[in-house]
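Chemist: One file: work.csv (CSV, C-alpha atoms).
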chain,number,residue,atom,x,y,z
A,1,MET,CA,156.3,-37.8,18.0
A,2,SER,CA,154.3,-35.9,20.5
A,3,GLN,CA,154.3,-36.9,24.2
A,4,ILE,CA,151.8,-39.4,25.4
A,5,ALA,CA,149.9,-38.8,28.7
A,6,ALA,CA,149.4,-42.2,30.4
A,7,LEU,CA,147.2,-43.3,33.3
A,8,ILE,CA,148.5,-46.4,35.1
A,9,VAL,CA,146.0,-48.2,37.4
A,10,ASP,CA,147.3,-50.8,39.8
A,11,ASP,CA,147.0,-51.3,43.6
A,12,SER,CA,150.8,-52.0,43.6
A,13,SER,CA,152.9,-48.8,43.5
A,14,VAL,CA,155.9,-51.0,42.6
A,15,MET,CA,154.0,-52.4,39.6
A,16,ARG,CA,153.0,-48.9,38.5
A,17,LYS,CA,156.6,-47.9,38.4
A,18,ILE,CA,157.6,-51.1,36.5
A,19,VAL,CA,154.9,-50.4,33.9
A,20,GLU,CA,156.0,-46.8,33.4
A,21,ARG,CA,159.6,-48.0,33.0
A,22,ALA,CA,158.5,-50.6,30.5
A,23,LEU,CA,156.6,-48.0,28.5
A,24,ARG,CA,159.7,-45.8,28.3
A,25,GLN,CA,161.9,-48.8,27.4
A,26,ALA,CA,159.4,-49.6,24.7
A,27,GLY,CA,160.2,-46.3,23.0
A,28,LEU,CA,157.1,-44.4,24.1
A,29,VAL,CA,157.7,-40.7,24.6
A,30,LEU,CA,155.7,-40.1,27.8
A,31,GLY,CA,154.5,-36.8,29.0
A,32,GLU,CA,152.5,-36.7,32.2
A,33,VAL,CA,152.1,-40.1,33.9
A,34,LEU,CA,149.2,-40.4,36.2
A,35,GLU,CA,148.8,-43.2,38.7
A,36,ALA,CA,145.8,-44.6,40.5
A,37,SER,CA,145.7,-47.4,43.0
A,38,SER,CA,142.1,-48.4,42.2
A,39,GLY,CA,139.4,-48.1,39.6
A,40,MET,CA,137.5,-45.6,41.8
A,41,GLU,CA,140.6,-43.4,42.1
A,42,ALA,CA,141.2,-43.6,38.3
A,43,ILE,CA,137.6,-42.6,37.5
A,44,LYS,CA,138.0,-39.5,39.6
A,45,LEU,CA,141.3,-38.6,37.8
A,46,LEU,CA,139.6,-39.1,34.4
A,47,GLY,CA,136.9,-36.7,35.4
A,48,HIS,CA,139.2,-33.8,35.1
A,49,THR,CA,142.3,-35.0,33.2
A,50,HIS,CA,142.9,-36.0,29.6
A,51,VAL,CA,145.1,-39.0,28.9
A,52,ASP,CA,146.1,-40.7,25.7
A,53,LEU,CA,146.6,-44.2,27.1
A,54,ILE,CA,145.2,-46.2,30.0
A,55,LEU,CA,146.8,-49.3,31.4
A,56,THR,CA,145.0,-51.2,34.2
A,57,ASP,CA,145.3,-54.2,36.4
A,58,ILE,CA,142.3,-56.4,36.9
A,59,ASN,CA,142.5,-57.6,40.5
A,60,MET,CA,142.2,-54.5,42.6
A,61,PRO,CA,140.2,-53.5,45.7
A,62,ASN,CA,137.5,-50.8,45.4
A,63,MET,CA,136.5,-51.6,41.8
A,64,ASP,CA,138.4,-54.0,39.8
A,65,GLY,CA,139.9,-53.3,36.4
A,66,LEU,CA,137.0,-54.7,34.3
A,67,GLU,CA,134.4,-52.7,36.2
A,68,PHE,CA,136.7,-49.6,35.9
A,69,LEU,CA,136.9,-50.2,32.1
A,70,ARG,CA,133.1,-50.6,31.8
A,71,GLN,CA,132.6,-47.4,33.7
A,72,VAL,CA,135.1,-45.6,31.5
A,73,ARG,CA,133.2,-46.6,28.4
A,74,VAL,CA,129.7,-46.2,29.8
A,75,GLN,CA,130.4,-42.7,31.2
A,76,ASN,CA,132.4,-41.8,28.1
A,77,LEU,CA,135.3,-40.7,30.3
A,78,ALA,CA,138.0,-41.3,27.8
A,79,PRO,CA,136.5,-41.5,24.3
A,80,ASP,CA,138.9,-43.0,21.8
A,81,VAL,CA,141.6,-43.6,24.4
A,82,PRO,CA,143.0,-47.1,24.2
A,83,VAL,CA,142.8,-49.2,27.4
A,84,VAL,CA,145.2,-52.0,27.9
A,85,MET,CA,144.9,-54.6,30.7
A,86,ILE,CA,148.1,-55.6,32.5
A,87,THR,CA,147.2,-58.6,34.7
A,88,THR,CA,148.1,-62.0,36.1
A,89,GLU,CA,144.8,-63.3,34.8
A,90,SER,CA,145.7,-65.1,31.5
A,91,SER,CA,142.7,-67.4,30.6
A,92,GLU,CA,141.0,-66.9,27.3
A,93,GLU,CA,137.8,-66.1,29.2
A,94,HIS,CA,139.5,-63.2,30.9
A,95,VAL,CA,140.8,-61.9,27.7
A,96,ARG,CA,137.4,-62.2,26.0
A,97,ASN,CA,135.8,-60.4,28.9
A,98,ALA,CA,138.3,-57.6,28.7
A,99,ILE,CA,137.9,-57.1,25.0
A,100,ALA,CA,134.1,-57.2,25.4
A,101,ALA,CA,134.3,-54.5,28.0
A,102,GLY,CA,136.2,-52.3,25.7
A,103,ALA,CA,139.9,-53.1,26.1
A,104,GLN,CA,142.2,-52.6,23.1
A,105,GLY,CA,145.0,-54.8,24.4
A,106,TYR,CA,146.0,-57.4,27.0
A,107,ILE,CA,149.4,-57.9,28.6
A,108,ARG,CA,150.0,-60.8,31.0
A,109,LYS,CA,152.1,-60.4,34.1
A,110,PRO,CA,155.0,-61.3,34.2
A,111,PHE,CA,156.1,-59.4,31.1
A,112,THR,CA,159.2,-58.1,29.3
A,113,PRO,CA,159.6,-54.6,27.9
A,114,ASP,CA,159.5,-56.1,24.4
A,115,GLN,CA,156.1,-57.6,25.1
A,116,VAL,CA,154.9,-54.2,26.2
A,117,LYS,CA,156.4,-52.7,23.1
A,118,ASP,CA,154.6,-55.2,20.8
A,119,ARG,CA,151.2,-54.4,22.4
A,120,ILE,CA,151.4,-50.7,22.9
A,121,LEU,CA,153.3,-49.2,20.0
A,122,PRO,CA,150.9,-50.4,17.3
A,123,LEU,CA,148.1,-48.5,19.2
A,124,PHE,CA,149.9,-45.3,18.2
A,125,GLY,CA,150.8,-46.3,14.7
A,126,MET,CA,154.4,-47.2,15.7
A,127,GLN,CA,156.4,-50.5,15.6
B,128,MET,CA,140.8,-82.1,33.3
B,129,PRO,CA,140.7,-84.1,36.5
B,130,ILE,CA,143.8,-86.1,37.5
B,131,SER,CA,142.8,-89.3,39.3
B,132,LYS,CA,146.0,-90.1,41.1
B,133,PRO,CA,146.8,-87.7,43.9
B,134,THR,CA,150.6,-88.3,43.6
B,135,ALA,CA,150.5,-87.5,39.9
B,136,ARG,CA,148.5,-84.4,40.6
B,137,ILE,CA,150.9,-83.1,43.2
B,138,GLU,CA,153.8,-83.8,41.0
B,139,LEU,CA,152.1,-81.8,38.2
B,140,TYR,CA,151.4,-78.9,40.6
B,141,GLU,CA,155.1,-79.0,41.7
B,142,ARG,CA,156.4,-78.9,38.1
B,143,CYS,CA,154.0,-76.0,37.3
B,144,LEU,CA,155.2,-74.2,40.3
B,145,ASP,CA,158.8,-74.6,39.5
B,146,ARG,CA,158.2,-73.3,36.0
B,147,ALA,CA,156.1,-70.4,37.3
B,148,VAL,CA,158.8,-69.2,39.6
B,149,GLU,CA,161.4,-69.5,36.9
B,150,GLU,CA,159.3,-67.6,34.5
B,151,VAL,CA,158.4,-64.8,36.9
B,152,PHE,CA,162.1,-64.2,37.9
B,153,LEU,CA,163.4,-64.5,34.4
B,154,LEU,CA,160.9,-62.1,32.7
B,155,MET,CA,160.7,-59.5,35.5
B,156,THR,CA,164.3,-59.5,36.7
B,157,GLY,CA,166.4,-61.3,34.0
B,158,THR,CA,167.6,-63.6,36.7
B,159,HIS,CA,167.6,-67.4,36.7
B,160,CYS,CA,165.9,-68.9,39.7
B,161,PHE,CA,165.9,-72.7,40.2
B,162,PRO,CA,164.6,-75.3,42.7
B,163,VAL,CA,166.9,-76.4,45.5
B,164,ARG,CA,166.6,-79.1,48.2
B,165,ASP,CA,166.1,-76.9,51.1
B,166,CYS,CA,166.1,-73.3,52.3
B,167,PRO,CA,168.3,-72.8,55.3
B,168,VAL,CA,166.7,-70.2,57.6
B,169,GLU,CA,169.6,-67.9,58.3
B,170,GLU,CA,167.7,-64.7,59.2
B,171,ARG,CA,165.6,-64.0,62.2
B,172,GLU,CA,163.5,-61.4,60.5
B,173,MET,CA,161.2,-62.9,57.9
B,174,ILE,CA,158.6,-61.7,55.5
B,175,SER,CA,155.8,-63.6,53.8
B,176,ALA,CA,153.3,-62.6,51.1
B,177,VAL,CA,150.0,-64.5,51.0
B,178,ILE,CA,147.7,-64.8,48.0
B,179,GLY,CA,144.3,-66.4,48.5
B,180,LEU,CA,143.0,-68.9,46.0
B,181,ALA,CA,139.3,-69.4,45.6
B,182,GLY,CA,136.9,-71.2,43.3
B,183,ALA,CA,138.0,-74.4,41.6
B,184,LEU,CA,140.7,-74.6,44.2
B,185,SER,CA,140.5,-73.1,47.7
B,186,GLY,CA,143.7,-72.3,49.6
B,187,ILE,CA,146.7,-70.0,49.7
B,188,CYS,CA,150.0,-69.4,47.9
B,189,VAL,CA,152.7,-68.1,50.2
B,190,LEU,CA,156.1,-66.6,49.3
B,191,SER,CA,158.5,-66.5,52.3
B,192,SER,CA,162.0,-65.3,52.7
B,193,GLY,CA,164.4,-63.7,55.1
B,194,ALA,CA,164.4,-59.9,55.1
B,195,LYS,CA,167.7,-59.5,53.3
B,196,VAL,CA,166.5,-61.8,50.5
B,197,ALA,CA,163.4,-59.8,50.2
B,198,LEU,CA,165.4,-56.6,50.0
B,199,ARG,CA,167.4,-58.2,47.2
B,200,MET,CA,164.2,-59.2,45.4
B,201,ALA,CA,162.8,-55.6,45.7
B,202,GLY,CA,166.0,-54.2,44.4
B,203,MET,CA,166.0,-56.5,41.4
B,204,LEU,CA,162.4,-55.8,40.6
B,205,THR,CA,162.5,-52.0,41.0
B,206,GLY,CA,166.0,-51.5,39.7
B,207,VAL,CA,166.8,-49.5,42.8
B,208,ALA,CA,168.6,-50.7,46.0
B,209,VAL,CA,166.2,-50.8,48.9
B,210,PRO,CA,167.9,-50.2,52.3
B,211,SER,CA,165.2,-51.5,54.7
B,212,LEU,CA,162.1,-53.6,55.0
B,213,ASN,CA,159.8,-50.8,53.9
B,214,GLU,CA,156.5,-50.6,51.9
B,215,THR,CA,158.3,-51.1,48.6
B,216,VAL,CA,159.7,-54.5,49.8
B,217,LYS,CA,156.2,-55.5,51.1
B,218,ASP,CA,154.7,-54.4,47.8
B,219,THR,CA,157.3,-56.3,45.8
B,220,MET,CA,156.8,-59.5,47.7
B,221,GLY,CA,153.1,-59.2,47.2
B,222,GLU,CA,153.5,-58.7,43.5
B,223,ILE,CA,156.0,-61.5,43.0
B,224,CYS,CA,153.7,-63.9,44.9
B,225,ASN,CA,150.7,-62.6,42.8
B,226,MET,CA,152.6,-63.3,39.6
B,227,ILE,CA,153.8,-66.8,40.8
B,228,ALA,CA,150.2,-67.8,41.8
B,229,GLY,CA,148.8,-66.4,38.5
B,230,VAL,CA,151.3,-68.2,36.3
B,231,TRP,CA,151.0,-71.4,38.3
B,232,LYS,CA,147.2,-71.6,37.9
B,233,GLY,CA,147.4,-70.4,34.3
B,234,ARG,CA,149.4,-73.6,33.5
B,235,LEU,CA,146.5,-75.7,34.8
B,236,PRO,CA,143.6,-75.5,32.3
B,237,TYR,CA,141.0,-76.5,34.9
B,238,LEU,CA,142.2,-73.7,37.2
B,239,SER,CA,143.1,-71.0,34.8
B,240,SER,CA,139.7,-69.3,34.6
B,241,ASP,CA,138.0,-70.9,37.5
B,242,CYS,CA,140.4,-70.2,40.3
B,243,MET,CA,140.5,-66.5,41.5
B,244,LEU,CA,143.3,-64.7,43.2
B,245,SER,CA,143.0,-62.4,46.2
B,246,THR,CA,145.0,-59.2,46.6
B,247,PRO,CA,148.2,-59.8,48.6
B,248,THR,CA,148.5,-59.9,52.4
B,249,ILE,CA,151.9,-59.4,53.9
B,250,ILE,CA,153.2,-60.8,57.1
B,251,SER,CA,156.5,-59.8,58.7
B,252,GLY,CA,158.3,-60.5,61.9
B,253,THR,CA,160.4,-63.1,63.7
B,254,ASN,CA,159.8,-66.8,64.4
B,255,TYR,CA,156.4,-67.3,62.9
B,256,GLN,CA,154.9,-70.1,61.0
B,257,ILE,CA,151.8,-70.2,58.8
B,258,HIS,CA,149.4,-73.0,59.5
B,259,ASN,CA,146.3,-74.3,57.7
B,260,GLN,CA,144.0,-76.4,59.7
B,261,ARG,CA,143.5,-79.4,57.5
B,262,PRO,CA,145.0,-78.9,54.1
B,263,GLU,CA,144.0,-81.4,51.4
B,264,PHE,CA,147.5,-80.9,50.1
B,265,ARG,CA,150.6,-78.9,50.8
B,266,ILE,CA,153.3,-78.2,48.3
B,267,GLU,CA,156.4,-76.6,49.6
B,268,ARG,CA,159.3,-75.8,47.2
B,269,PHE,CA,162.6,-74.1,47.8
B,270,TYR,CA,164.3,-71.8,45.2
B,271,CYS,CA,167.6,-70.0,44.8
B,272,PHE,CA,168.8,-67.0,42.8
B,273,GLU,CA,172.2,-65.4,43.3
B,274,ASN,CA,172.9,-67.4,46.5
B,275,CYS,CA,169.5,-66.2,47.9
B,276,SER,CA,166.9,-68.8,49.0
B,277,PHE,CA,163.2,-68.5,49.5
B,278,THR,CA,160.2,-70.7,49.8
B,279,VAL,CA,156.9,-71.0,48.0
B,280,THR,CA,154.1,-72.9,49.6
B,281,ILE,CA,150.7,-73.8,48.2
B,282,LEU,CA,148.1,-75.1,50.7
B,283,SER,CA,144.7,-76.2,49.5
B,284,GLU,CA,141.7,-77.0,51.6
B,285,SER,CA,139.9,-78.5,48.6
B,286,ALA,CA,140.5,-79.2,44.9
B,287,GLU,CA,138.5,-80.7,42.1
If you took the structure in this file and wrote it as structure tokens, what would it be?
Modeler:
Amino acid sequence: MSQIAALIVDDSSVMRKIVERALRQAGLVLGEVLEASSGMEAIKLLGHTHVDLILTDINMPNMDGLEFLRQVRVQNLAPDVPVVMITTESSEEHVRNAIAAGAQGYIRKPFTPDQVKDRILPLFGMQ
Amino acid sequence: MPISKPTARIELYERCLDRAVEEVFLLMTGTHCFPVRDCPVEEREMISAVIGLAGALSGICVLSSGAKVALRMAGMLTGVAVPSLNETVKDTMGEICNMIAGVWKGRLPYLSSDCMLSTPTIISGTNYQIHNQRPEFRIERFYCFENCSFTVTILSESAE
């Protein structure tokens, strides 16, 4: 399996490391792992870097995760790249909004590595 | 779903908070955390993470502990021992408080999508207390994991 380049967007550096660890524990072979602390920062990264997977929080300053996702889709910054929300917001309305904005998956915090595995691996044809 | 009796509502909030704390610790650290009667303050240096609540319920959720307990939490969450009260510890406290607040409100259908969370604010120092002018209610619960105790407080100015 080829290495997957991932972009992790969360205003918490601790959470970004936890997500990266969970992806590796899930069996994903990660190549480059980019980090951004806000939607704005992530958009700048996507302007000049290709990734295979984007994981983003919702509640962040300087552009929240939903607006970031909308901009990614509107600006065609990451065509065909799956975006998965990782967030404390768990209501059906939040999930619907995320899917409507173009997300391919939704993981609620707190999470286990197995939950990450169940959501992420199928996006790459793995189980 | 409005709950007419204030006592019943507070009891429900407390039960949901206990379950939220248990869930966050179990899923993120594999550690069992349970409610206790009190939280003896044995450390001078304290740290608190504050998450604002807005919308259907207006108030704050506060996670407070001594510095050594916070170091322990950060080590458990990150998998790496943290030697001092640094940015990692503050970040960890903010994230744990964020998750507790999120799971708590997620267990209450009338808050789940209509109560928003702020990003965390961290307070650290010695001998401080957090006051709210006239809270409609105040829930203060104490918890313990591996002989470490901490407090979670929810203060609300208004609730539907």
Chemist: Residues of chain B within 10 Å of chain A, counting only C-alpha atoms - could you list those as a PyMOL selection string?
Modeler: chain B and resi 147+150-157+201+204-206+214-223+225-230+232-234+236+238-247
Chemist: Pull C-alpha atoms from the residues just selected and write them as a tab-separated table (two decimals), in the frame of the given file.
Modeler:
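Result file selection_10.tsv:
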chain	number	residue	atom	x	y	z
B	147	ALA	CA	156.10	-70.40	37.30
B	150	GLU	CA	159.30	-67.60	34.50
B	151	VAL	CA	158.40	-64.80	36.90
B	152	PHE	CA	162.10	-64.20	37.90
B	153	LEU	CA	163.40	-64.50	34.40
B	154	LEU	CA	160.90	-62.10	32.70
B	155	MET	CA	160.70	-59.50	35.50
B	156	THR	CA	164.30	-59.50	36.70
B	157	GLY	CA	166.40	-61.30	34.00
B	201	ALA	CA	162.80	-55.60	45.70
B	204	LEU	CA	162.40	-55.80	40.60
B	205	THR	CA	162.50	-52.00	41.00
B	206	GLY	CA	166.00	-51.50	39.70
B	214	GLU	CA	156.50	-50.60	51.90
B	215	THR	CA	158.30	-51.10	48.60
B	216	VAL	CA	159.70	-54.50	49.80
B	217	LYS	CA	156.20	-55.50	51.10
B	218	ASP	CA	154.70	-54.40	47.80
B	219	THR	CA	157.30	-56.30	45.80
B	220	MET	CA	156.80	-59.50	47.70
B	221	GLY	CA	153.10	-59.20	47.20
B	222	GLU	CA	153.50	-58.70	43.50
B	223	ILE	CA	156.00	-61.50	43.00
B	225	ASN	CA	150.70	-62.60	42.80
B	226	MET	CA	152.60	-63.30	39.60
B	227	ILE	CA	153.80	-66.80	40.80
B	228	ALA	CA	150.20	-67.80	41.80
B	229	GLY	CA	148.80	-66.40	38.50
B	230	VAL	CA	151.30	-68.20	36.30
B	232	LYS	CA	147.20	-71.60	37.90
B	233	GLY	CA	147.40	-70.40	34.30
B	234	ARG	CA	149.40	-73.60	33.50
B	236	PRO	CA	143.60	-75.50	32.30
B	238	LEU	CA	142.20	-73.70	37.20
B	239	SER	CA	143.10	-71.00	34.80
B	240	SER	CA	139.70	-69.30	34.60
B	241	ASP	CA	138.00	-70.90	37.50
B	242	CYS	CA	140.40	-70.20	40.30
B	243	MET	CA	140.50	-66.50	41.50
B	244	LEU	CA	143.30	-64.70	43.20
B	245	SER	CA	143.00	-62.40	46.20
B	246	THR	CA	145.00	-59.20	46.60
B	247	PRO	CA	148.20	-59.80	48.60
Chemist: Could you tell me which of B:Val148, B:Thr248, B:Thr253, B:Cys275 comes closest to Ile187 in chain B if we count all atoms listed in the file?
Modeler: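 Nearest to Ile187 in chain B: B:Thr248.
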Chemist: May I ask for the distance between CA of Gln3 in chain A and CA of Arg16 in chain A, given in Å to one decimal place?
Modeler: 18.7 Å
Chemist: Can you work out the spacing between CA of Asp52 in chain A and CA of Glu32 in chain A in Å, to one decimal?
Modeler: 10.0 Å
Chemist: Have a look at CA of Ile178 in chain B and CA of Val279 in chain B and let me know their distance in Å, one decimal.
Modeler: 11.1 Å
Chemist: Tell me, as a list in words, which residues lie within 8 Å of Phe269 in chain B, counting only C-alpha atoms; anything in the same chain fewer than 6 positions away does not count.
Modeler: Pro162, Val163, Arg164, Asp165, Cys166, Ser276, Phe277, Thr278 and Val279 of chain B
Chemist: Only C-alpha atoms, please: the residues just picked out, written as an mmCIF file, in the coordinates of the input.
Modeler:
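Saved to again-v1.cif:
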data_model
loop_
_atom_site.group_PDB
_atom_site.id
_atom_site.type_symbol
_atom_site.label_atom_id
_atom_site.label_comp_id
_atom_site.auth_asym_id
_atom_site.auth_seq_id
_atom_site.Cartn_x
_atom_site.Cartn_y
_atom_site.Cartn_z
ATOM 1 C CA PRO B 162 164.600 -75.300 42.700
ATOM 2 C CA VAL B 163 166.900 -76.400 45.500
ATOM 3 C CA ARG B 164 166.600 -79.100 48.200
ATOM 4 C CA ASP B 165 166.100 -76.900 51.100
ATOM 5 C CA CYS B 166 166.100 -73.300 52.300
ATOM 6 C CA SER B 276 166.900 -68.800 49.000
ATOM 7 C CA PHE B 277 163.200 -68.500 49.500
ATOM 8 C CA THR B 278 160.200 -70.700 49.800
ATOM 9 C CA VAL B 279 156.900 -71.000 48.000
#
Chemist: Ranking B:Ile250, B:Leu144, B:Leu212, B:Met200 by minimum distance to Ile174 in chain B and counting all atoms listed in the file, which one comes first?
Modeler: B:Ile250
Chemist: Quick one: residues within 10 Å of Glu172 in chain B, only C-alpha atoms counted, chain neighbours fewer than 5 positions away excluded, as a PyMOL selection string?
Modeler: chain B and resi 192-195+212+251-255
Chemist: Mind listing as a PyMOL selection string all residues within 12 Å of (136.8, -42.7, 39.3), counting only C-alpha atoms?
Modeler: chain A and resi 9+36-49+62-65+67-72+75+77-78
Chemist: Could you tell me which of B:Met203, B:Val209, B:Leu190, B:Ile137 comes closest to Thr158 in chain B if we count only C-alpha atoms?
Modeler: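 Looking only at the distances to Thr158 in chain B, the closest residue turns out to be B:Met203.
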Chemist: Excluding Val95 in chain A and residues on its chain fewer than 5 positions from it, collect all residues at most 10 Å away from it, counting only C-alpha atoms, and give them as a list in words.
Modeler: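 Everything that qualifies: Met85, Glu89, Ser90, Ala100, Ala101, Ala103, Gly105, Tyr106, Ile107 and Arg108 of chain A.
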Chemist: Given the choices A:Ala5, A:Ile120, A:Ile58, A:Val19, which gets closest to Leu34 in chain A if the distance is worked out from all atoms listed in the file?
Modeler: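 Closest to Leu34 in chain A of all the choices is A:Ala5.
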